[in-house]
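Structure record follows, encoded as structure tokens.
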Amino acid sequence: MIVTNNNGMTQNRDIVVIGIQPWDIEIGSNCKNIAEEFACNNRVLYVNSPLDRNTRQKDKLTPRIQKRIRIQNGKEPDLVKLDENLWNLYPRGMVESINLIGNPWLYDLLNKRNNRIFATAIKSAIERLGFRDFIIFNDSSMFLGMYLKEILKPETYIYYTRDNLVAVDYWKKQGIRIESQHMKKADLVVANSTYLAAEARKHNANSFYVGQGCDVTLFDTNLVTTIPSDIRDIPKPIIGYIGALYTLRLDLQVLEHIAESRPGWSIVFVGPEDQNFKGSRLHQLKNVYFLGNKTGNELPSYLHQFDVAINPQVLSPVTIGNYPRKIDEYLAMGKPTVATRTEAMNVFAEFVYLSESKEEYVINIEKALREDNDQVREKRKTFAREHTWENNVREIFKAIDLVKTAKQ
């Protein structure tokens, strides 16, 4: 029976969350944020992926793998309570590394074995916790989660897609075949972008766009009290980008064109670079500034100094469906924002200048500088603050209810 509180949020359910990112990951994770929001009103078991043989051998001296080896050997508990309603499971079983296997029949045979090992660990944990009539929420673990619905028999099985993973080499080999099968068997699929929801609907009619959560509490202009020394003397206007500088996701040609065509603008990058960025012409231009990687708490102080924020995604199968969380962060501080037009970005069309070429980027940055004012800044802030994890999880539960109601 579905029970909701006064805010329309499902409560008193047992939820098992699996995914491709462990709880102790060092970067932000949608899956963790969703699990924490689930746990506000429900009991939640967050399951790390089991250790595979190749990783154990290759990274055996790293602290994270050392910890997992101790857990495997029974020297540390596998089930850890993180909060009142939230537990983290480190599965003790060892799975095989099978991604290089090309034969689909052999791959599926070994993947079923891996799934059984994984399911055994999960079953042990849910029995210890006394979970009943549980939901499985699978964040893109297309391989290790492939047979969990059949083995564990949850009341509801949800597959969550938030990146077009099958466009990435590691996932592509078996993923093109397996993810579509996985989506078909799920009770429903939820996606954080309209593009990914439409792609999922090709395999499962019960596929829903549920939006994206974002913790924008740090990105509040009222909380910024200092100007970092390395940006203080950079000439205005500052056209800035915050995030990883990887050519897999960012369009170098667009950035070079902006910097070269408008030498009076300061182009500022905050984030780590890959080798292609380090070797690019941008490093030879006098109006371009690379400030390096910063901690999360430092980012609002840098963003506050931007006159225009940009997100020049390169258009590729990897990026086309992405919901860029950084756009919410930009808008939460009221910043005029220019970004690449994609289907996923259409939800921002009223608040972001969307561009389809390097020339249009320059035109839109000029418009953004010219049209910025207090009124539109407040509208941007209000819009960004609607994208909370609470609203995101509420949409997930709405999707579950729709599917359940349709089956009755």
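Simple scheme: letters A, B, ... for chains in structure tokens order, numbers from 1 for residues in each chain, numbers from 1 for ligands in the order shown.
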
Could you give me, as a list in words, the residues within 9 Å of segment 17-19 of chain A, counting only C-alpha atoms and dropping anything in the same chain fewer than 3 positions from it?
-> Pro22, Cys31, Lys32, Ala35, Val44, Leu45, Tyr46, Val47, Asn48, Ser49, Ile135, Ile136, Phe137, Asn138, Asp139, Ser140, Ser141, Met142, Leu144 and Gly145 of chain A

I need the residues of segment 54-296 of chain A that end up classed as helix (DSSP H, G or I) by DSSP on the backbone, written out as a ChimeraX atom specification. /A:54-58,63-72,104-129,148-152,165-167,169-185,194-201,221-223,229-232,252-261,275-278,281-284,296

Just want the 10 Å neighbourhood of Asp108 of chain A, counted on only C-alpha atoms, with same-chain residues fewer than 2 positions away dropped. Output as a VMD selection string. chain A and resid 98 101 103 to 106 110 to 114 143 146 174 178

Selection file, C-alpha atoms, as a CSV table (one decimal), in the first residue's frame:
chain,number,residue,atom,x,y,z
A,98,ILE,CA,34.0,-9.8,-18.2
A,101,ILE,CA,34.4,-10.9,-23.7
A,103,ASN,CA,30.7,-13.6,-27.4
A,104,PRO,CA,27.2,-12.5,-26.2
A,105,TRP,CA,26.2,-16.0,-25.1
A,106,LEU,CA,29.3,-16.5,-23.0
A,110,LEU,CA,29.0,-15.1,-16.8
A,111,ASN,CA,27.0,-12.0,-16.2
A,112,LYS,CA,24.2,-14.2,-14.7
A,113,ARG,CA,26.8,-15.7,-12.4
A,114,ASN,CA,27.9,-12.2,-11.4
A,143,PHE,CA,25.2,-5.2,-16.3
A,146,MET,CA,20.4,-7.2,-15.3
A,174,GLN,CA,27.7,-5.1,-24.6
A,178,ILE,CA,21.8,-5.2,-22.8

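For the pair atom CA of Asn33 of chain A and atom CA of Glu350 of chain A, the interatomic distance is 26.6 Å.
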
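In terms of minimum interatomic distance to Ser316 of chain A, A:Thr247 ranks closest within A:Ser29, A:Gln21, A:Thr226, A:Thr247, counting only C-alpha atoms.
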
Problem - Who sits within 12 Å of Lys294 of chain A, only C-alpha atoms, same chain under 2 positions skipped, as a ChimeraX atom specification - result: /A:228,230,242-244,269-272,290-292,296-303

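Residue neighbourhood of Glu329 of chain A, excluding near-sequence residues (fewer than 2 positions): A:Cys214, A:Asp215, A:Val216, A:Thr217, A:Leu218, A:Phe219, A:Asp220, A:Ile242, A:Leu299, A:Pro300, A:Leu303, A:Pro324, A:Arg325, A:Lys326, A:Ile327, A:Leu331, A:Ala332, A:Met333, A:Gly334, A:Lys335, A:Lys381, A:Ala384, A:Arg385, at 10 Å, using only C-alpha atoms.
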
Within 6 Å of segment 164-171 of chain A, counting only C-alpha atoms, which residues show up once you throw out same-chain ones fewer than 5 positions away? Write them as a short mmCIF file (atom, residue, chain, number, x, y, z; two decimals) with C-alpha atoms, in the first residue's frame, please.
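Just written: part-v7.cif:
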data_model
loop_
_atom_site.label_atom_id
_atom_site.label_comp_id
_atom_site.auth_asym_id
_atom_site.auth_seq_id
_atom_site.Cartn_x
_atom_site.Cartn_y
_atom_site.Cartn_z
CA ILE A 176 23.73 -1.36 -26.69
CA PRO A 317 26.20 10.92 -28.61
CA VAL A 318 27.87 11.19 -25.18
#

For this session: Write out as an MDAnalysis selection string each polymer residue whose atoms come within 10 Å of Lys202 of chain A, counting only C-alpha atoms; drop sequence neighbours fewer than 3 positions from it.
Result: chainID A and resid 180 183:184 197:199 205:207

Expected answer as a VMD selection string: strand (DSSP E or B) residues in segment 148-360 of chain A = chain A and resid 156 to 161 188 to 191 207 to 209 238 to 242 245 250 266 to 270 273 288 to 290 308 to 311 313 337 to 340 353 to 355

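Each of A:Val393, A:Val189, A:Leu109, A:Leu250 was checked against Ala39 of chain A using only C-alpha atoms; the smallest atom-to-atom distance is that of A:Val393.
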